[in-house]
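Novice: One structure is given below, represented as structure tokens, and several questions about it will come after.
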Amino acid sequence: MRHFLNSLAVLAVTVAGSSAFAQSSSANPWDAADAVYGPDTMRKARERLLEENGRTPFGLFMLDRFEWQDTGGDGTLLWDAQAYYGGDLRKIWMKTEGDYALDEGALEEAEVQLLYSRAISPFFDLQAGIRHDIEPDGLTHLAIGIQGLAPYWFETDTAVFLSEDGDVTARIEAELEWFLTQRLILQPRIEAELSAQTIDDRELGSGLTSLSIGGRLRYEFAREFAPYIGVEHRSSFGGTADFIEAAGGDPSETLGVFGTRIWF
Amino acid sequence: MLNRRHFLTGTAAALTAQSLLPAWAQSGPRGNTGLQRVTNNRFDFTIDHTPISIDGRRAPAVTVNGTLPAPLVRLQEGEDVLLRVENKLDEWSSIHWHGLLVPFEMDGVPGVSFPGIAPRSTFEYRFPLKQAGTYWYHSHSAFQEQLGLYGPLVIDPAGPEAAPYDREFVIVLSDWTFQDPHRIFAELKKMGDSLNYQKRTAGDLIADAREDGLGSALENRAMWGRMRMMPTDIADVNGAQYTYLVNGHGPSDDWTGIFEPGESVRLRIINASAMSIFNVRIPGLPMTVVNVHGLDVRPVTFDEFQIGTAETYDVIVEPQDRAYRLVAASIDSSGQALATLTPRMGETAEAPPLRPRPLLTMKDMGMAGMAGMSGMDASMATPDEPGMQGQGHNLSYPDDQPKDRMKDGMHMGHESPGMTEHDHPMGPAVAATAMNPVSRLDEPGIGLERVPHRTLSYSQLRSRHPNTDRRPAEREIELHLTSNMERYMWSFDGVRFSEVEESIKLYHGERVRMTLVNDTMMPHPIHLHGMFFDLVIPGYEEDEDGERYLPGLHTILVKPGEKLSVEMTPPELGDWAFHCHLLYHMHAGMMQVVSVLPPDERPPLQMVGMGPPAATKPDKDHDAMSHGDHGMTGMGGDQ
């Protein structure tokens, strides 16, 4: 929270303070060679130079979790991926996650987020955009969140969602990486889901709805390719747990998983 | 006779590789017997793609006249030279003459001093030679330097040689990668630490806990974790990606120079790498430096020294009747370049194993002497090793320092400045600032703190000739070397080159001081084109003869957490590139332009000011929200 407030303060200060820098002239930043080689030739050369030294865009595709989960029967396939394209400070960001029940041969949950992301501090990005849930109900949400690296190497992603039905939910994720060797890495992961209200259609109570704590042990054959095994414990709480119990389910379960982490 | 390796690997590829090398770089079955002292004043170059072979593995390179390294350009002081460069690539190219005092329009930096050499066109460089010494040249376009476009340049003096020798070799150190440099750059941007295979692991934690106790081992990790930095983050691109070369030869190609015992041999050592800083030694053979960056210096003898990217050191050695191994180890000990100096082909000396990986210290974080952080390796900065006398600071680590001063580690982000002023813009481009930067000119550099023999530091260097301009500087420009390693952003004063709106202004003939503060945790070889600067050595005023002998340099390796000053008298008008010579740092934005203007254009001193140059503005992204008219067009304008 402190970081979030910090970041907002910085944003405010930089926006307010920027007018002092807005008066720079539109003249060339340097132009001695214009007299030798011609202003037009040099202007194009300067553009190429600046493009090359600080402005190079890049893109990432990260399939953080692509795994089979031992949910009973044939189990479940889960994916959790992100991709972005842009510069150091501003990016277009796509996130998707969901799971597919192998017994039923059907998607249980599937969502896609499309976000605009901008840096608000050295380690954090503010992200805003839309989230569409393909399953279970086709709802679309507004999404706003903060993603970044917290002190002590916590990769965090916190987002709040406002559905088209007016329901507010939130999600907090954090991951760590412990290097057992240069290639064998243990990744603890925690994910909490919250809801501001009871949502009957989704069988969610208000408050903390669920918490997942897991550990995944991966081996990086290459940094970009790492199979893993792991275990995850999920608990549901409050009204959400009541929904599950009423349906004859267990609000708390522990699963084995195996999968692959891939990025490029 | 054929040595065993060449016999075994005497495949077509290896032979092709040899025949592709210029004479000075060849090793081959007979070894290399040294340079011919033949100068020329006209060279014809062709830049093209050429397949090369490194340690028997073939790869595509960007070359001059089909060789890696590029041909030796040997010139004579006082002559006018013509270098015709034909670019056969389908992309823009260029050649910059590193360290040469040329008219700015011949300096060869596209977008600064000339347009570049267009695809499939020819450019003629013409300039008079006003200096002598060892230099080098390289492409200043894209990643062509990483791909092989670099070569040595030697200018023989018009008068007698200050340090005579019987035989000479060029030793071009470089770093070769079989990966696409664009891909490496993208990986640094996306997941910079993924290139590091020397991270601290659970095993290191156990070892440290045994040595220092679990509490202090954990505390040390917590401190680094708070800052989101790694003490093993020393070379962004390292031995996991690089094969380190001597004259285009990998360690198993083993470039071999042949000498006669008893000769005095001059080694013109050039660090032509893209991203590597080397610790250089020849076990059993002391080196005496006689020339640094092309300028003669007073001889100093040592056993090992650090050479920053783009630096040149000429050393004289007097080998006995035995073989020696030249070792140039990357400062993070992730790999090393090897070569042989021997009186007889086929005889070599054992290559020493890589040293243990070094770790960064508090001092590297700009917090020199600020507290006794348990678990930190205080001895790294303490001159208690043999051969270390007089090097390193007499640091004390008082225990009575308030501990909470250390709590936040480096100044993170946006808090108010601490002991050193940081009046440059902050924001996402600046992850940390040095609270207490210090002079580190009397230290030999990362990895050399505890070696059991003589090392060289900048503060030991003295020019052979007295300084000609002893006027005190009229003004001072302070520049901070800044970064956000997590986003792989590198800049001066928090402003990437792509966002710079104005160059740094110097005036012809003025005496000006530039102070560099390294707010990052990496050493940066900072290079200023078009002039030499005198390195200000704290505590040194003048010699007993009343003259001053500060060393002149074209590049200065600024250590992490260091603050140092250089003084210069700009000799030539024009725009000159100014940048970190680590290629990927430059591409990330650690570059600026220094404009040398006529003296009558200089505003009154109080307006030129003492602080950072007017060139700086905050990294544009902060003000983008309120000022969309900054020449930015959505996403594309500010990446």
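All residue names refer to the structure tokens as shown: chains lettered A, B, ... in order, residues numbered from 1 in each chain, ligands numbered from 1 in order.
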For chain B against chain A, which residues fall within 7 Å using only C-alpha atoms, given as a PyMOL selection string?
Specialist: chain B and resi 105+110-115+142+186+190+194+197-199+201-203+222+225-228+413+427-431+484+487+496-498+501-503+574-575+586-589+617+621-623+625-626+635+638-639
Novice: Could the residues in this selection be saved with N, CA and C atoms as a compact mmCIF listing (two decimals), in the first residue's frame?
Specialist:
```
# COMPACT_ATOMS: atom_id res chain seq x y z
N GLU B 105 33.49 16.22 -38.40
CA GLU B 105 32.69 15.60 -39.46
C GLU B 105 33.34 14.31 -39.98
N PRO B 110 27.02 8.25 -36.66
CA PRO B 110 25.82 8.61 -37.42
C PRO B 110 24.84 9.42 -36.55
N GLY B 111 24.32 10.47 -37.13
CA GLY B 111 23.33 11.28 -36.40
C GLY B 111 23.96 12.33 -35.51
N VAL B 112 25.27 12.24 -35.29
CA VAL B 112 25.95 13.25 -34.49
C VAL B 112 26.93 14.02 -35.36
N SER B 113 27.88 13.30 -35.97
CA SER B 113 28.92 13.98 -36.72
C SER B 113 28.85 13.76 -38.22
N PHE B 114 28.05 12.80 -38.64
CA PHE B 114 27.82 12.60 -40.08
C PHE B 114 26.57 11.75 -40.25
N PRO B 115 26.10 11.59 -41.49
CA PRO B 115 24.83 10.85 -41.64
C PRO B 115 24.98 9.35 -41.46
N ALA B 142 24.13 0.35 -34.95
CA ALA B 142 23.41 -0.84 -34.46
C ALA B 142 24.32 -1.70 -33.58
N ALA B 186 17.06 -7.67 -26.22
CA ALA B 186 15.65 -7.83 -25.85
C ALA B 186 15.53 -8.63 -24.55
N LYS B 190 13.66 -7.57 -21.10
CA LYS B 190 12.51 -8.32 -20.59
C LYS B 190 12.80 -9.01 -19.28
N SER B 194 18.10 -13.05 -16.45
CA SER B 194 18.09 -14.40 -17.01
C SER B 194 19.44 -14.75 -17.64
N TYR B 197 24.22 -16.65 -14.75
CA TYR B 197 24.26 -18.01 -14.22
C TYR B 197 25.22 -18.09 -13.03
N GLN B 198 25.43 -16.95 -12.38
CA GLN B 198 26.31 -16.93 -11.21
C GLN B 198 25.57 -16.33 -10.02
N LYS B 199 24.26 -16.54 -9.97
CA LYS B 199 23.48 -15.97 -8.86
C LYS B 199 23.82 -16.67 -7.55
N THR B 201 22.84 -18.85 -4.58
CA THR B 201 21.87 -19.94 -4.47
C THR B 201 21.70 -20.34 -3.02
N ALA B 202 20.82 -21.34 -2.83
CA ALA B 202 20.61 -21.88 -1.49
C ALA B 202 21.94 -22.40 -0.93
N GLY B 203 22.76 -22.99 -1.80
CA GLY B 203 24.06 -23.50 -1.36
C GLY B 203 24.94 -22.39 -0.80
N ALA B 222 18.56 -10.07 2.94
CA ALA B 222 17.42 -9.16 3.10
C ALA B 222 17.78 -7.77 2.60
N GLY B 225 17.75 -7.84 -1.06
CA GLY B 225 16.37 -8.05 -1.49
C GLY B 225 15.54 -6.78 -1.36
N ARG B 226 15.78 -6.01 -0.29
CA ARG B 226 15.06 -4.74 -0.13
C ARG B 226 15.30 -3.84 -1.32
N MET B 227 16.56 -3.84 -1.80
CA MET B 227 16.90 -2.95 -2.91
C MET B 227 16.52 -3.54 -4.26
N ARG B 228 16.16 -4.81 -4.26
CA ARG B 228 15.87 -5.53 -5.50
C ARG B 228 17.08 -5.49 -6.43
N GLY B 413 14.31 5.42 -5.26
CA GLY B 413 13.31 6.24 -5.91
C GLY B 413 13.27 7.67 -5.43
N GLY B 427 12.36 9.36 -11.14
CA GLY B 427 11.28 8.73 -11.88
C GLY B 427 11.65 7.31 -12.23
N PRO B 428 10.85 6.69 -13.09
CA PRO B 428 11.06 5.27 -13.38
C PRO B 428 12.44 4.95 -13.93
N ALA B 429 13.13 5.94 -14.52
CA ALA B 429 14.44 5.65 -15.11
C ALA B 429 15.54 5.55 -14.07
N VAL B 430 15.26 6.00 -12.86
CA VAL B 430 16.30 6.04 -11.83
C VAL B 430 15.85 5.20 -10.63
N ALA B 431 16.44 4.02 -10.50
CA ALA B 431 16.02 3.13 -9.42
C ALA B 431 16.76 3.43 -8.13
N ASN B 484 17.97 2.03 -14.16
CA ASN B 484 16.99 1.17 -13.54
C ASN B 484 17.27 -0.20 -14.15
N ARG B 487 14.34 -2.54 -15.38
CA ARG B 487 13.79 -2.25 -16.72
C ARG B 487 14.88 -2.17 -17.78
N ARG B 496 17.16 9.24 -20.85
CA ARG B 496 17.69 8.42 -21.94
C ARG B 496 17.98 9.31 -23.16
N PHE B 497 18.97 8.88 -23.94
CA PHE B 497 19.40 9.67 -25.09
C PHE B 497 18.23 9.99 -26.01
N SER B 498 17.33 9.04 -26.18
CA SER B 498 16.21 9.25 -27.10
C SER B 498 15.30 10.38 -26.63
N GLU B 501 16.79 16.66 -25.19
CA GLU B 501 16.34 17.76 -26.05
C GLU B 501 17.45 18.74 -26.37
N GLU B 502 18.55 18.65 -25.63
CA GLU B 502 19.62 19.60 -25.85
C GLU B 502 20.94 18.95 -25.51
N SER B 503 21.98 19.27 -26.30
CA SER B 503 23.29 18.68 -26.03
C SER B 503 23.95 19.39 -24.85
N GLY B 574 32.56 21.55 -32.84
CA GLY B 574 31.70 20.52 -33.43
C GLY B 574 30.94 19.73 -32.39
N ASP B 575 30.14 18.79 -32.89
CA ASP B 575 29.35 17.91 -32.02
C ASP B 575 30.09 16.59 -31.84
N MET B 586 24.66 1.85 -24.00
CA MET B 586 24.48 2.96 -24.95
C MET B 586 23.15 2.81 -25.68
N HIS B 587 22.88 1.58 -26.11
CA HIS B 587 21.62 1.38 -26.83
C HIS B 587 20.40 1.58 -25.95
N ALA B 588 20.58 1.39 -24.65
CA ALA B 588 19.46 1.62 -23.74
C ALA B 588 19.30 3.11 -23.42
N GLY B 589 20.26 3.93 -23.84
CA GLY B 589 20.08 5.37 -23.66
C GLY B 589 21.18 6.10 -22.93
N LYS B 617 16.09 16.94 -18.83
CA LYS B 617 14.69 17.10 -18.48
C LYS B 617 14.24 15.74 -18.00
N ASP B 621 8.29 10.43 -19.99
CA ASP B 621 7.03 9.77 -19.71
C ASP B 621 6.23 10.40 -18.60
N HIS B 622 6.90 11.03 -17.63
CA HIS B 622 6.09 11.60 -16.54
C HIS B 622 5.24 12.74 -17.02
N ASP B 623 5.82 13.56 -17.88
CA ASP B 623 5.03 14.72 -18.22
C ASP B 623 4.13 14.44 -19.42
N MET B 625 1.53 12.87 -19.62
CA MET B 625 0.11 12.98 -19.35
C MET B 625 -0.40 14.40 -19.54
N SER B 626 0.44 15.35 -19.16
CA SER B 626 -0.03 16.72 -19.27
C SER B 626 0.45 17.39 -20.56
N MET B 635 2.03 5.58 -28.31
CA MET B 635 3.02 4.60 -27.89
C MET B 635 4.36 4.81 -28.57
N ASP B 638 7.37 7.44 -27.34
CA ASP B 638 8.15 7.45 -26.10
C ASP B 638 8.51 6.07 -25.64
N GLN B 639 9.05 5.32 -26.52
CA GLN B 639 9.46 4.01 -26.07
C GLN B 639 10.92 4.06 -25.73
```
Novice: From a DSSP calculation on the backbone, collect every residue of region 19-266 of chain B in strand (DSSP E) and output the set as a PyMOL selection string.
Specialist: chain B and resi 42-54+57-64+73-76+80-87+96-98+121-128+133-138+150-156+167-177+242-246+255-258+265-266
Novice: Which residues come within 9 Å of region 57-64 of chain B, counting only C-alpha atoms, excluding same-chain residues fewer than 6 positions away, as a list in words?
Specialist: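 Non-adjacent residues within range: Ala13, Ala14, Ala17, Phe45, Thr46, Ile47, Asp48, His49, Thr50, Pro51, Ala70, Pro71, Val85, Leu89, Gln144, Glu145, Gln146, Leu147, Gly148, Leu149, Tyr150, Gly151 and Phe178 of chain B.
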Novice: Could you pull out the helix (DSSP H, G or I) residues of region 31-251 of chain A from DSSP and send them as a ChimeraX atom specification?
Specialist: /A:34-37,39-52,151-153,200-202,238-246
Novice: Atoms to include: C-alpha atoms. Write the selected residues as a CSV table (one decimal), in the first residue's frame.
Specialist:
```
chain,number,residue,atom,x,y,z
A,34,ASP,CA,24.0,20.1,-40.8
A,35,ALA,CA,26.3,22.7,-42.3
A,36,VAL,CA,28.6,19.9,-43.7
A,37,TYR,CA,26.1,17.3,-44.8
A,39,PRO,CA,20.0,19.7,-42.6
A,40,ASP,CA,17.6,17.2,-44.2
A,41,THR,CA,20.2,14.4,-44.3
A,42,MET,CA,21.2,15.0,-40.7
A,43,ARG,CA,17.7,15.3,-39.4
A,44,LYS,CA,16.9,11.8,-40.8
A,45,ALA,CA,20.2,10.5,-39.3
A,46,ARG,CA,19.4,12.0,-35.9
A,47,GLU,CA,16.0,10.3,-36.0
A,48,ARG,CA,17.6,6.9,-36.7
A,49,LEU,CA,20.1,7.5,-33.9
A,50,LEU,CA,17.6,8.3,-31.3
A,51,GLU,CA,15.4,5.5,-32.3
A,52,GLU,CA,18.3,3.2,-31.8
A,151,PRO,CA,11.1,-5.3,-2.1
A,152,TYR,CA,12.5,-8.7,-1.3
A,153,TRP,CA,11.9,-9.8,-4.9
A,200,ASP,CA,-25.0,-15.2,-6.4
A,201,ASP,CA,-24.5,-16.0,-10.1
A,202,ARG,CA,-20.9,-16.8,-9.3
A,238,GLY,CA,-17.1,-17.2,4.3
A,239,GLY,CA,-20.1,-17.1,2.0
A,240,THR,CA,-18.1,-18.6,-0.8
A,241,ALA,CA,-17.3,-21.7,1.3
A,242,ASP,CA,-21.0,-21.9,2.2
A,243,PHE,CA,-21.9,-22.0,-1.5
A,244,ILE,CA,-19.4,-24.8,-2.1
A,245,GLU,CA,-20.5,-26.8,0.9
A,246,ALA,CA,-24.1,-26.4,0.0
```
Novice: Applying 6 Å and only C-alpha atoms, which residues near region 126-128 of chain A remain after dropping the ones on its own chain fewer than 5 positions away? List them as a PDB file with N, CA and C atoms, in the first residue's frame.
Specialist:
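Final file, out_5.pdb:
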```
ATOM      1  N   LEU A 115      -4.755  -4.517 -21.542  1.00  0.00           N
ATOM      2  CA  LEU A 115      -4.458  -3.391 -20.655  1.00  0.00           C
ATOM      3  C   LEU A 115      -3.461  -2.445 -21.285  1.00  0.00           C
ATOM      4  N   TYR A 116      -3.563  -1.209 -20.890  1.00  0.00           N
ATOM      5  CA  TYR A 116      -2.517  -0.238 -21.180  1.00  0.00           C
ATOM      6  C   TYR A 116      -1.716  -0.079 -19.906  1.00  0.00           C
ATOM      7  N   SER A 117      -0.394  -0.140 -20.044  1.00  0.00           N
ATOM      8  CA  SER A 117       0.455  -0.166 -18.855  1.00  0.00           C
ATOM      9  C   SER A 117       1.464   0.962 -18.926  1.00  0.00           C
ATOM     10  N   ARG A 118       1.606   1.720 -17.833  1.00  0.00           N
ATOM     11  CA  ARG A 118       2.656   2.733 -17.828  1.00  0.00           C
ATOM     12  C   ARG A 118       3.383   2.709 -16.500  1.00  0.00           C
ATOM     13  N   ALA A 143     -10.847  -3.069 -15.672  1.00  0.00           N
ATOM     14  CA  ALA A 143      -9.766  -3.566 -14.818  1.00  0.00           C
ATOM     15  C   ALA A 143      -8.775  -2.451 -14.568  1.00  0.00           C
ATOM     16  N   ILE A 144      -8.336  -2.324 -13.323  1.00  0.00           N
ATOM     17  CA  ILE A 144      -7.254  -1.391 -13.021  1.00  0.00           C
ATOM     18  C   ILE A 144      -6.368  -2.043 -11.970  1.00  0.00           C
ATOM     19  N   GLY A 145      -5.075  -1.936 -12.176  1.00  0.00           N
ATOM     20  CA  GLY A 145      -4.200  -2.639 -11.255  1.00  0.00           C
ATOM     21  C   GLY A 145      -2.785  -2.106 -11.261  1.00  0.00           C
ATOM     22  N   ILE A 146      -2.007  -2.662 -10.361  1.00  0.00           N
ATOM     23  CA  ILE A 146      -0.591  -2.304 -10.271  1.00  0.00           C
ATOM     24  C   ILE A 146       0.220  -3.585 -10.270  1.00  0.00           C
TER      25      ILE A 146
END
```
Novice: List as a PDB file with C-alpha atoms, in the first residue's frame the protein and nucleic acid residues near region 328-333 of chain B, meaning an atom at most 8 Å away when only C-alpha atoms are counted, but skip any in the same chain fewer than 6 places from it.
Specialist:
```pdb
ATOM      1  CA  LEU B 173      40.515  -8.364 -26.651  1.00  0.00           C
ATOM      2  CA  THR B 232      26.366 -10.936  -8.500  1.00  0.00           C
ATOM      3  CA  ILE B 234      28.463  -7.435 -12.371  1.00  0.00           C
ATOM      4  CA  ALA B 235      28.463  -8.080 -16.113  1.00  0.00           C
ATOM      5  CA  ASN B 238      28.901 -12.515 -19.560  1.00  0.00           C
ATOM      6  CA  GLY B 239      30.684 -15.816 -20.058  1.00  0.00           C
ATOM      7  CA  SER B 276      33.330  -6.718 -21.236  1.00  0.00           C
ATOM      8  CA  ILE B 277      35.809  -5.355 -18.740  1.00  0.00           C
ATOM      9  CA  PHE B 278      38.854  -7.563 -18.295  1.00  0.00           C
ATOM     10  CA  ASN B 279      41.414  -8.262 -15.597  1.00  0.00           C
ATOM     11  CA  VAL B 280      44.610  -8.904 -17.551  1.00  0.00           C
ATOM     12  CA  ARG B 281      47.660 -10.821 -16.342  1.00  0.00           C
ATOM     13  CA  LEU B 354      38.763 -19.005 -13.282  1.00  0.00           C
ATOM     14  CA  ARG B 355      38.846 -17.255  -9.947  1.00  0.00           C
ATOM     15  CA  PRO B 356      35.847 -17.410  -7.603  1.00  0.00           C
ATOM     16  CA  ARG B 357      32.988 -15.121  -8.529  1.00  0.00           C
ATOM     17  CA  PRO B 358      33.359 -11.685  -6.871  1.00  0.00           C
ATOM     18  CA  ILE B 446      36.267  -5.385  -9.220  1.00  0.00           C
ATOM     19  CA  GLY B 447      37.933  -8.764  -8.884  1.00  0.00           C
TER      20      GLY B 447
END
```
Novice: What is the distance between CA of Gln460 (chain B) and CA of Val290 (chain B), in Å to one decimal?
Specialist: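 That distance, rounded to one decimal, is 12.3 Å.
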Novice: Which one is closest to Gln592 (chain B): B:Lys130, B:Lys88, B:His529, B:His293? Count only C-alpha atoms.
Specialist: B:His529
Novice: Quick one: of A:Thr158, A:Thr260, A:Thr169, A:Gln69, who's nearest to Gly207 (chain A), counting only C-alpha atoms?
Specialist: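 Selected residue with least distance to Gly207 (chain A): A:Thr169.
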Novice: Give the answer as one residue: which of B:Ala207, B:Met345, B:Ala240, B:Val566 has the shortest atom-to-atom distance to Gln179 (chain B), using only C-alpha atoms?
Specialist: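 Closest to Gln179 (chain B), using only C-alpha atoms: B:Ala240.
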Novice: Rounded to one decimal, what separation in Å do you get between CA of Glu135 (chain A) and CA of Ala170 (chain A)?
Specialist: 17.7 Å
Novice: Any idea what's packed within 8 Å of Ser236 (chain A), counting only C-alpha atoms, ignoring anything in its chain fewer than 5 positions away? Could you give it as a ChimeraX atom specification?
Specialist: /A:209-211,241,251-252
Novice: Find the spatial neighbours of Phe66 (chain A), counting only C-alpha atoms, within a cut-off of 9 Å - ignore same-chain residues fewer than 5 positions away - and output them as a PyMOL selection string.
Specialist: chain A and resi 77-81+258-262
